[in-house]
Amino acid sequence: MQQTTSTPGKVVLTGAWTMDQAVEGLSFLALALQDQLEATPPPTSTEVDLSQVRELDACGCQLLAVFLENLKGNGILPVPHGLAPALFDTTRLLGFAGLLGAQDGPKET
Amino acid sequence: MSNGKPGSDIDIKRFNQVFFEECAEHLVEMERILISLSDREPDQEQMNAIFRAAHSIKGGAGIFGFDDMTVVTHVMESLLDRLRKHEIGFTASMVDVLLEAGDVIAMQLAGHREGSVVRQEAIDAVRDKLQRLVDNGPAAPPVAVVEPPDSSPCSGALIRSLGDDTATHRFELSFTPDDNIFRRGIRVESIIAELSELAQPGGFASRAELVEVPTLAEFDPENCLTRWHFTLTTPASADQVMEVFMFVADEEQLNLRELPSERLPAAAPANLPGATAAAEPSTAPGAAPPVPEPRLEGRRAYDRDETSPGAFGRRQGEAESSIRVNVTKVDQLINQVGELLITQAMLAQVASELDPVRYETLHKGLLQLARNSRDLQGSVMSIRLVPISIVFSRFPRMVRELAGRLGKSVELKTVGETTELDKGLIEKVADPLSHLVRNALDHGLETSEVRLANGKEPTGTIQLKASQVAGRIVIEVSDDGAGLNRDKILAKASEAGIPCSESMSDEEVWQLIFAAGFSTADQVTDLSGRGVGMDVVLKNVQAMGGRVQIASQAGKGACVTISLPLTLAILNGLSVAVGAEKFIIPLSAIIESLQPKPDQLKSVNGKQVVAVRGEYLPILRLHELFNIETEVTDPRQGILVLVDLGGEKTALLVDALLDEQQVVVKSIETNYRRVAGSAGATILGDGRVALILDVAELFEMAKKAQPEPGPAKEAA
Amino acid sequence: MTMQGALKSSEQHRTRGAEFLTFTLAEETYGIDILRVQEIRGYDAVTRIANTPDFIKGVVNLRGVIVPIVDLRLKFKVGQATYHEFTVVIIINVADKVVGMVVDGVSDVVALSEEQIKPAPEFGSALDTRYLTGLGTVNDDMLILIDIEKLIASDEMQLMDRIAEA
């Protein structure tokens with residue numbers, strides 16, 4: 001189970017982001033990116049809510065990192081947040097903490 | 001037609017893997033025989049079997065560049081050869097030494113395969129023992145008869161001191177996996193976790209870097225674009241760090257550097273074994289970094305790690321995410337799927353009598369079942385099919401290396417690489433083929449000087465050609481060398497005590513080289529050795545139910561043809577009906593099918609022929625050949641299937657064409673006898689057996705049945 | 001029947017005490033070593049093989065394995081070779097081959113002790129005495145015991161390639 005809901009300025013990712021769902025995940029992210037780019041005016045930053053992500057592996061980390069880089073490449077500053085502490089440890093172990101820039105703990109909203 | 005391409009890195013690894021497995025099998029076999037002897041003298045058959053095992057290991061090791069492994073096997077072979085020729089007597093202690101030699105080879109194998117420790121002194125010791133037995137001198141110290149202790153690039157790395165210092169090291173490691181690593185099912189997370197566990201608390205840092213950032217539209221999310229950089233402070237050695245990546249990464253994907261230790265800046269060990277190994281481009285493809293603690297070598301050192309925790313998961317990567325399955329299991333699967341199809345066909349038949357409206361759901365379900373079972377059958381059958389390129393691509397490297405060593409100039413051509421072959425056949429045909437290629441290079445082709453002197457191109461050609469010819473798989477190994485030397489073969493044969501005579505035909509003379517113990521090599525070379533080659537070839541091919549033929553023309557070259565039955569293979573066929581019977585005609589033999597018009601049918605010498613584009617083809621009436629009652633006896637009422645028998649063409653009269661299908665070729669001989677005119681049989685969807693026609697043989701049968709052959713061509 | 005019987009039959013493959021599958025051909029009842037019998041099935045879907053003697057009916061698919069079928073009634077010219085839904089084929093496993101035999105009917109499995117088995121007669125059966133191993137008596141009925149392996153592997157059955165051809 002994996003899903004993305006996106007509105008201009010905010011992308012919410014849910015479920016498992018792993019090798020098995022990578023292709024599916026990419027298509028969700030591509031739509032999410034499109035949503036951001038087609039918004040008028042396009043947002044200058046987009047909140048990427050990771051609080052509902054349940055599972056992450058190296059492949060999933062890479063996918064999210066590529067997505068965030070794509071946002072940046074289009075002039076949108078990604079603001080990832082909310083990754084569960086256990087998953088944050090995973091990203092740190094996998095060396096993606098920097099690329100994903102996901103802050104420790106859920107962000108106060 | 002295409003020239004052999006040099007195998008990519010991955011291919012070579014895969015073949016290394018094949019070699020490791022074969023080598024392990026040979027070792028097991030050798031050990032089994034030796035142990036079964038329990039100090040008795042082996043008989044000739046056992047002796048030959050041990051000899052062949054040693055020879056195959058040596059040959060394979062040579063091909064794959066594991067030269068260190070040829071050292072022991074070479075002396076071992078010499079000993080066995082002298083024993084075989086009764087030049088020295090057998091003693092019980094030889095069994096022990098041979099077993100010990102087997103262990104040493106196993107240790108070397110494990111060294112290449114898993115990077116475990118190889119003890120050079122054990123190798124030297126056993127080699128010396130063997131050499132003493134060869135020389136039959138008592139305990140005389142060995143003279144430098146054989147090569148000095150090998151200087152192969154990997155063994156040096158493998159026996160490096162591992163160091164027992166407890167100092168911590170600081171390593172910087174970068175890891176650039178191949179982009180398939182995710183697809184191969186390797187859990188990078190686990191590897192990194194394992195790596196981090198080597199580090200002291202807080203002594204591990206990891207940073208991922210995207211090697212490139214594609215747009216989402218261009219991005220294949222299963223491709224790995226990430227490079228990892230790790231730093232770790234650890235009591236582990238460089239080798240232990242490298243070991244984490246064993247089976248997952250090649251050395252060139254890893255770059256390990258030791259940073260100056262914070263605590264022991266001056267006393268930092270100068271030798272950083274793993275680091276050096278990683279930094280240097282590896283010259284030994286199979287060499288993996290050594291394992292940390294020295295282990296006692298022992299029997300089956302080669303499969304030791306297979307059961308250790310962690311090894312299982314990591315092996316996945318090594319084997320390209322493939323598993324080795326016993327062929328009989330696949331056969332069983334194929335048979336079971338066949339049964340399933342038959343049951344499904346039966347259900348469909350029963351259901352066809354039921355009211356389609358009332359039983360709509362049943363009909364839908366059965367339709368789905370039919371689709372699923374067919375898909376299943378396709379998948380199961382495809383398990384067994386592999387292109388022969390898997391074998392052919394072994395050869396460019398082997399040929400290059402051998403040619404280099406022999407100082408010959410050779411071009412290797414491969415034709416028909418896409419010919420699909422049963423997996424079981426592929427595995428078995430590889431060995432005979434490499435013997436044949438080696439023979440062609442060593443014995444067949446001349447040196448450039450000789451070739452020039454004989455008015456030939458300085459570069460010789462070896463061609464490997466595979467094709468499926470009318471129900472058989474034919475593999476040719478041909479060269480444009482000197483051809484077989486009749487006189488030399490006869491001389492050698494009588495010298496070896498093989499019965500022969502001057503009055504033998506060429507064909508009979510060529511057969512002599514298949515006798516065990518025959519060799520035409522003037523000197524014992526490291527390459528083709530002592531004439532085990534051809535008897536191994538024959539034995540292996542016959543074991544597959546195949547035949548070997550030799551054609552040779554003095555000065556022009558030689559061609560060895562291996563022809564394999566399709567018993568194990570799968571065939572594309574056309575099913576045809578003749579009366580109540582069904583037959584399969586191999587598609588490969590079919591040119592076209594037609595319903596002849598009256599004016600196409602002619603009579604020549606009382607035989608009916610069909611005129612097709614100016615050619616008159618004889619008509620073979622299948623119902624006559626197979627004695628079947630049918631309404632269709634006139635070609636005008638039936639269908640003519642034109643078939644090509646390698647140049648000769650003929651038309652088969654059948655009642656009707658039914659279906660084009662892939663069929664599993666089954667042996668009739670397993671429980672019955674050969675059936676004339678058939679190349680096996682298959683089981684149709686309805687569960688019935690149908691014969692697969694051997695068109696060439698049918699033609700022969702028809703000729704015999706009608707002694708006066710219709711000279712069809714004359715009529716044209 | 002007991003372990004003991006089975007052991008005996010394997011120890012002494014010549015007919016001593018053992019279990020036998022009995023079948024009928026015309027008026028006669030025959031017995032073959034039960035250990036040779038793989039299964040019993042009906043007669044259907046036989047694919048004819050051309051240019052073979054009439055008693056070789058052809059081959060069938062037995063779970064993916066191709067098995068020849070001989071009709072013993074035709075071979076020994078007894079009874080009537082008719083084929084219908086009750087026609088019985090005994091699948092036996094001899095000389096590393098699996099072969100099906102059509103018979104008139106399968107009756108029973110009987111255990112015979114050594115005492116119940118007498119030497120084979122010199123004549124009086126449709127089968128050549130070479131293939132007979134003895135005569136058994138069960139409830140006053142005579143049972144002709146056959147060395148089925150010898151029979152099936154014999155040249156006259158034409159079921160196997162002669163060694164020279166192989």
# chains A, B, ... in the order shown; residues from 1 in each chain; ligands from 1
>>> residues_around(residues="Leu100 in chain A", least_positions_apart="3", cutoff="7 Å", atoms="only C-alpha atoms", output="PyMOL selection string")
chain A and resi 65+80+96-97
>>> select_by_dssp(residues="chain C", states="helix (DSSP H, G or I)", output="PyMOL selection string")
chain C and resi 3-11+34-36+72-75+114-116+129-131+148-153+155-157
>>> write_last_selection(atoms="C-alpha atoms", output="PDB file, in the first residue's frame")
ATOM      1  CA  MET C   3       6.835 -58.861   5.300  1.00  0.00           C
ATOM      2  CA  GLN C   4       8.119 -62.332   5.263  1.00  0.00           C
ATOM      3  CA  GLY C   5       6.514 -63.061   1.958  1.00  0.00           C
ATOM      4  CA  ALA C   6       7.856 -59.947   0.368  1.00  0.00           C
ATOM      5  CA  LEU C   7      11.308 -60.664   1.631  1.00  0.00           C
ATOM      6  CA  LYS C   8      11.181 -64.142   0.331  1.00  0.00           C
ATOM      7  CA  SER C   9      10.153 -63.092  -3.098  1.00  0.00           C
ATOM      8  CA  SER C  10      13.002 -60.677  -3.359  1.00  0.00           C
ATOM      9  CA  GLU C  11      15.476 -63.174  -2.062  1.00  0.00           C
ATOM     10  CA  ILE C  34       3.061 -58.166  -7.574  1.00  0.00           C
ATOM     11  CA  LEU C  35       6.311 -56.295  -7.070  1.00  0.00           C
ATOM     12  CA  ARG C  36       6.538 -55.863 -10.831  1.00  0.00           C
ATOM     13  CA  LEU C  72      -1.223 -60.356 -24.624  1.00  0.00           C
ATOM     14  CA  ARG C  73      -4.432 -61.722 -26.119  1.00  0.00           C
ATOM     15  CA  LEU C  74      -3.120 -60.980 -29.596  1.00  0.00           C
ATOM     16  CA  LYS C  75       0.353 -62.056 -28.745  1.00  0.00           C
ATOM     17  CA  GLU C 114       5.914 -72.454  -1.334  1.00  0.00           C
ATOM     18  CA  GLU C 115       3.780 -75.521  -0.837  1.00  0.00           C
ATOM     19  CA  GLN C 116       1.086 -74.094  -3.032  1.00  0.00           C
ATOM     20  CA  THR C 129       6.903 -72.843 -21.120  1.00  0.00           C
ATOM     21  CA  ARG C 130      10.153 -70.879 -21.108  1.00  0.00           C
ATOM     22  CA  TYR C 131       8.340 -68.012 -19.431  1.00  0.00           C
ATOM     23  CA  ILE C 148       7.089 -61.466 -16.638  1.00  0.00           C
ATOM     24  CA  GLU C 149      10.494 -59.868 -16.918  1.00  0.00           C
ATOM     25  CA  LYS C 150      11.775 -62.671 -19.090  1.00  0.00           C
ATOM     26  CA  LEU C 151       8.677 -62.542 -21.246  1.00  0.00           C
ATOM     27  CA  ILE C 152       8.669 -58.788 -21.785  1.00  0.00           C
ATOM     28  CA  ALA C 153      12.395 -58.617 -22.434  1.00  0.00           C
ATOM     29  CA  ASP C 155      13.026 -60.929 -28.507  1.00  0.00           C
ATOM     30  CA  GLU C 156       9.664 -62.231 -29.544  1.00  0.00           C
ATOM     31  CA  MET C 157       7.894 -59.412 -27.759  1.00  0.00           C
TER      32      MET C 157
END
>>> residues_around(residues="Phe583 in chain B", least_positions_apart="5", cutoff="12 Å", atoms="only C-alpha atoms", output="number ranges by chain")
B: 573-578, 622-623, 626, 628, 652-661, 663, 677-684, 688-695; C: 47-49
>>> write_last_selection(atoms="N, CA and C atoms", output="CSV table (one decimal), in the first residue's frame")
chain,number,residue,atom,x,y,z
B,573,GLY,N,6.8,-27.3,-33.7
B,573,GLY,CA,6.4,-28.2,-34.7
B,573,GLY,C,5.0,-27.8,-35.3
B,574,LEU,N,4.7,-28.5,-36.4
B,574,LEU,CA,3.4,-28.3,-37.0
B,574,LEU,C,2.7,-29.7,-36.8
B,575,SER,N,1.5,-29.7,-36.2
B,575,SER,CA,0.9,-30.9,-36.0
B,575,SER,C,0.0,-31.1,-37.3
B,576,VAL,N,0.0,-32.3,-37.8
B,576,VAL,CA,-0.8,-32.7,-39.0
B,576,VAL,C,-1.6,-33.9,-38.7
B,577,ALA,N,-2.6,-34.1,-39.4
B,577,ALA,CA,-3.5,-35.3,-39.3
B,577,ALA,C,-3.3,-36.2,-40.5
B,578,VAL,N,-3.2,-37.4,-40.2
B,578,VAL,CA,-3.2,-38.5,-41.2
B,578,VAL,C,-4.2,-39.5,-40.7
B,622,LEU,N,2.5,-40.1,-46.2
B,622,LEU,CA,2.6,-40.6,-44.8
B,622,LEU,C,1.7,-41.7,-44.5
B,623,HIS,N,0.5,-41.7,-45.1
B,623,HIS,CA,-0.4,-42.8,-44.8
B,623,HIS,C,0.1,-44.2,-45.2
B,626,PHE,N,3.2,-45.1,-43.0
B,626,PHE,CA,2.8,-45.5,-41.6
B,626,PHE,C,1.6,-46.4,-41.6
B,628,ILE,N,-1.6,-46.2,-42.6
B,628,ILE,CA,-2.7,-45.7,-41.9
B,628,ILE,C,-3.9,-45.6,-42.9
B,652,LEU,N,5.5,-34.0,-48.2
B,652,LEU,CA,4.8,-35.0,-47.4
B,652,LEU,C,3.3,-34.8,-47.6
B,653,LEU,N,2.6,-35.9,-47.9
B,653,LEU,CA,1.2,-35.8,-48.1
B,653,LEU,C,0.5,-36.1,-46.8
B,654,VAL,N,-0.3,-35.1,-46.3
B,654,VAL,CA,-1.0,-35.3,-45.1
B,654,VAL,C,-2.5,-34.9,-45.3
B,655,ASP,N,-3.4,-35.3,-44.4
B,655,ASP,CA,-4.8,-35.0,-44.6
B,655,ASP,C,-5.1,-33.6,-44.4
B,656,ALA,N,-4.5,-33.1,-43.3
B,656,ALA,CA,-4.8,-31.7,-42.9
B,656,ALA,C,-3.7,-31.2,-42.0
B,657,LEU,N,-3.6,-29.8,-42.0
B,657,LEU,CA,-2.7,-29.2,-41.0
B,657,LEU,C,-3.6,-28.9,-39.8
B,658,LEU,N,-3.0,-29.1,-38.6
B,658,LEU,CA,-3.8,-28.8,-37.4
B,658,LEU,C,-3.4,-27.6,-36.7
B,659,ASP,N,-2.1,-27.5,-36.3
B,659,ASP,CA,-1.8,-26.5,-35.3
B,659,ASP,C,-0.2,-26.3,-35.3
B,660,GLU,N,0.2,-25.1,-35.1
B,660,GLU,CA,1.6,-24.9,-34.9
B,660,GLU,C,1.8,-24.9,-33.4
B,661,GLN,N,2.7,-25.6,-32.9
B,661,GLN,CA,2.9,-25.6,-31.4
B,661,GLN,C,4.3,-26.0,-31.0
B,663,VAL,N,6.4,-28.2,-28.6
B,663,VAL,CA,6.2,-29.5,-28.0
B,663,VAL,C,7.4,-29.9,-27.2
B,677,GLY,N,11.6,-43.5,-38.5
B,677,GLY,CA,11.0,-42.3,-39.1
B,677,GLY,C,10.6,-41.3,-38.0
B,678,SER,N,10.9,-41.5,-36.8
B,678,SER,CA,10.5,-40.6,-35.8
B,678,SER,C,11.8,-40.1,-35.0
B,679,ALA,N,11.7,-38.8,-34.6
B,679,ALA,CA,12.8,-38.3,-33.8
B,679,ALA,C,12.3,-38.1,-32.4
B,680,GLY,N,11.5,-39.0,-31.9
B,680,GLY,CA,10.9,-38.9,-30.6
B,680,GLY,C,9.4,-38.7,-30.7
B,681,ALA,N,8.8,-38.4,-29.6
B,681,ALA,CA,7.4,-38.2,-29.6
B,681,ALA,C,7.1,-37.1,-28.6
B,682,THR,N,5.8,-36.7,-28.6
B,682,THR,CA,5.4,-35.7,-27.7
B,682,THR,C,4.0,-36.0,-27.2
B,683,ILE,N,3.6,-35.3,-26.2
B,683,ILE,CA,2.2,-35.5,-25.7
B,683,ILE,C,1.4,-34.3,-26.1
B,684,LEU,N,0.3,-34.5,-26.7
B,684,LEU,CA,-0.5,-33.4,-27.2
B,684,LEU,C,-1.5,-33.0,-26.1
B,688,ARG,N,-2.8,-37.4,-25.8
B,688,ARG,CA,-2.4,-38.5,-26.6
B,688,ARG,C,-0.9,-38.3,-27.0
B,689,VAL,N,-0.3,-39.4,-27.4
B,689,VAL,CA,1.1,-39.4,-27.8
B,689,VAL,C,1.1,-39.1,-29.3
B,690,ALA,N,2.0,-38.2,-29.8
B,690,ALA,CA,2.1,-38.1,-31.2
B,690,ALA,C,3.6,-38.2,-31.6
B,691,LEU,N,3.9,-38.9,-32.7
B,691,LEU,CA,5.3,-39.0,-33.1
B,691,LEU,C,5.8,-37.7,-33.7
B,692,ILE,N,7.0,-37.4,-33.5
B,692,ILE,CA,7.7,-36.3,-34.2
B,692,ILE,C,8.4,-36.9,-35.3
B,693,LEU,N,8.2,-36.4,-36.5
B,693,LEU,CA,8.8,-37.1,-37.7
B,693,LEU,C,10.2,-36.7,-37.9
B,694,ASP,N,11.0,-37.7,-38.2
B,694,ASP,CA,12.4,-37.4,-38.6
B,694,ASP,C,12.3,-37.5,-40.2
B,695,VAL,N,12.3,-36.3,-40.7
B,695,VAL,CA,12.0,-36.2,-42.2
B,695,VAL,C,13.0,-36.9,-43.0
C,47,THR,N,-1.7,-44.5,-29.1
C,47,THR,CA,-1.2,-44.0,-30.4
C,47,THR,C,-0.5,-45.1,-31.2
C,48,ARG,N,-1.0,-45.4,-32.3
C,48,ARG,CA,-0.5,-46.6,-33.1
C,48,ARG,C,0.9,-46.3,-33.6
C,49,ILE,N,1.7,-47.3,-33.6
C,49,ILE,CA,3.1,-47.2,-34.2
C,49,ILE,C,3.1,-48.0,-35.4
>>> residues_around(residues="Thr18 in chain A", least_positions_apart="3", cutoff="10 Å", atoms="only C-alpha atoms", output="list in words")
Gln2, Gly15, Gln21, Ala22, Val23, Gly25, Glu55, Leu56, Asp57, Ala58, Cys59, Gly60, Cys61, Gln62 and Leu63 of chain A; Phe182, Pro221 and Glu222 of chain B
>>> interface_residues(of="chain C", to="chain B", cutoff="12 Å", atoms="only C-alpha atoms", output="NGL selection string")
:C and (44-52 or 56 or 58-70 or 91-100 or 152-153 or 155 or 157-163 or 165-166)
>>> residues_around(residues="range 41-54 of chain A", least_positions_apart="5", cutoff="7 Å", atoms="only C-alpha atoms", output="ChimeraX atom specification")
/A:8-16,36,75-84,106
>>> residues_around(residues="Thr29 in chain C", least_positions_apart="4", cutoff="12 Å", atoms="only C-alpha atoms", output="tab-separated table (two decimals) with C-alpha atoms, in the first residue's frame")
chain	number	residue	atom	x	y	z
C	20	PHE	CA	0.88	-62.47	-7.22
C	21	LEU	CA	-1.42	-60.32	-9.27
C	22	THR	CA	-3.69	-62.66	-11.16
C	23	PHE	CA	-5.27	-61.90	-14.49
C	24	THR	CA	-7.14	-63.83	-17.11
C	25	LEU	CA	-6.47	-64.47	-20.73
C	103	VAL	CA	-5.40	-58.67	-20.57
C	104	ASP	CA	-8.95	-59.90	-20.41
C	105	GLY	CA	-9.34	-59.04	-16.80
C	106	VAL	CA	-7.54	-58.60	-13.53
C	107	SER	CA	-8.84	-60.87	-10.82
C	108	ASP	CA	-7.07	-60.64	-7.57
C	109	VAL	CA	-3.93	-60.48	-5.56
C	110	VAL	CA	-3.12	-63.80	-3.98
C	125	SER	CA	-0.63	-73.23	-21.79
C	126	ALA	CA	-0.89	-70.55	-24.41
C	127	LEU	CA	2.42	-69.25	-23.19
C	135	LEU	CA	1.70	-73.56	-11.22
C	136	GLY	CA	-0.21	-72.39	-8.23
C	137	THR	CA	-3.46	-73.59	-6.87
C	138	VAL	CA	-5.93	-71.25	-5.27
C	141	ASP	CA	-8.32	-73.01	-9.51
C	142	MET	CA	-5.10	-73.32	-11.39
C	143	LEU	CA	-2.85	-70.29	-11.58
C	144	ILE	CA	-0.08	-70.16	-14.17
C	145	LEU	CA	2.88	-68.17	-12.83
C	146	ILE	CA	4.86	-66.16	-15.37
>>> closest_residue(among="B:Thr231, B:Gln600, B:Thr226, B:Ser448", to="chain A", atoms="only C-alpha atoms")
B:Thr226
>>> closest_residue(among="A:Thr7, A:Thr91, A:Asn74, A:Thr40", to="Ala208 in chain B", atoms="only C-alpha atoms")
A:Thr91
>>> residues_around(residues="Tyr43 in chain C", least_positions_apart="6", cutoff="8 Å", atoms="only C-alpha atoms", output="ChimeraX atom specification")
/C:83-89,102
>>> select_by_dssp(residues="range 597-700 of chain B", states="strand (DSSP E)", output="count of residues only")
51
>>> atom_distance(atom1="CA of Gly444 in chain B", atom2="CA of Asp479 in chain B")
6.9 Å
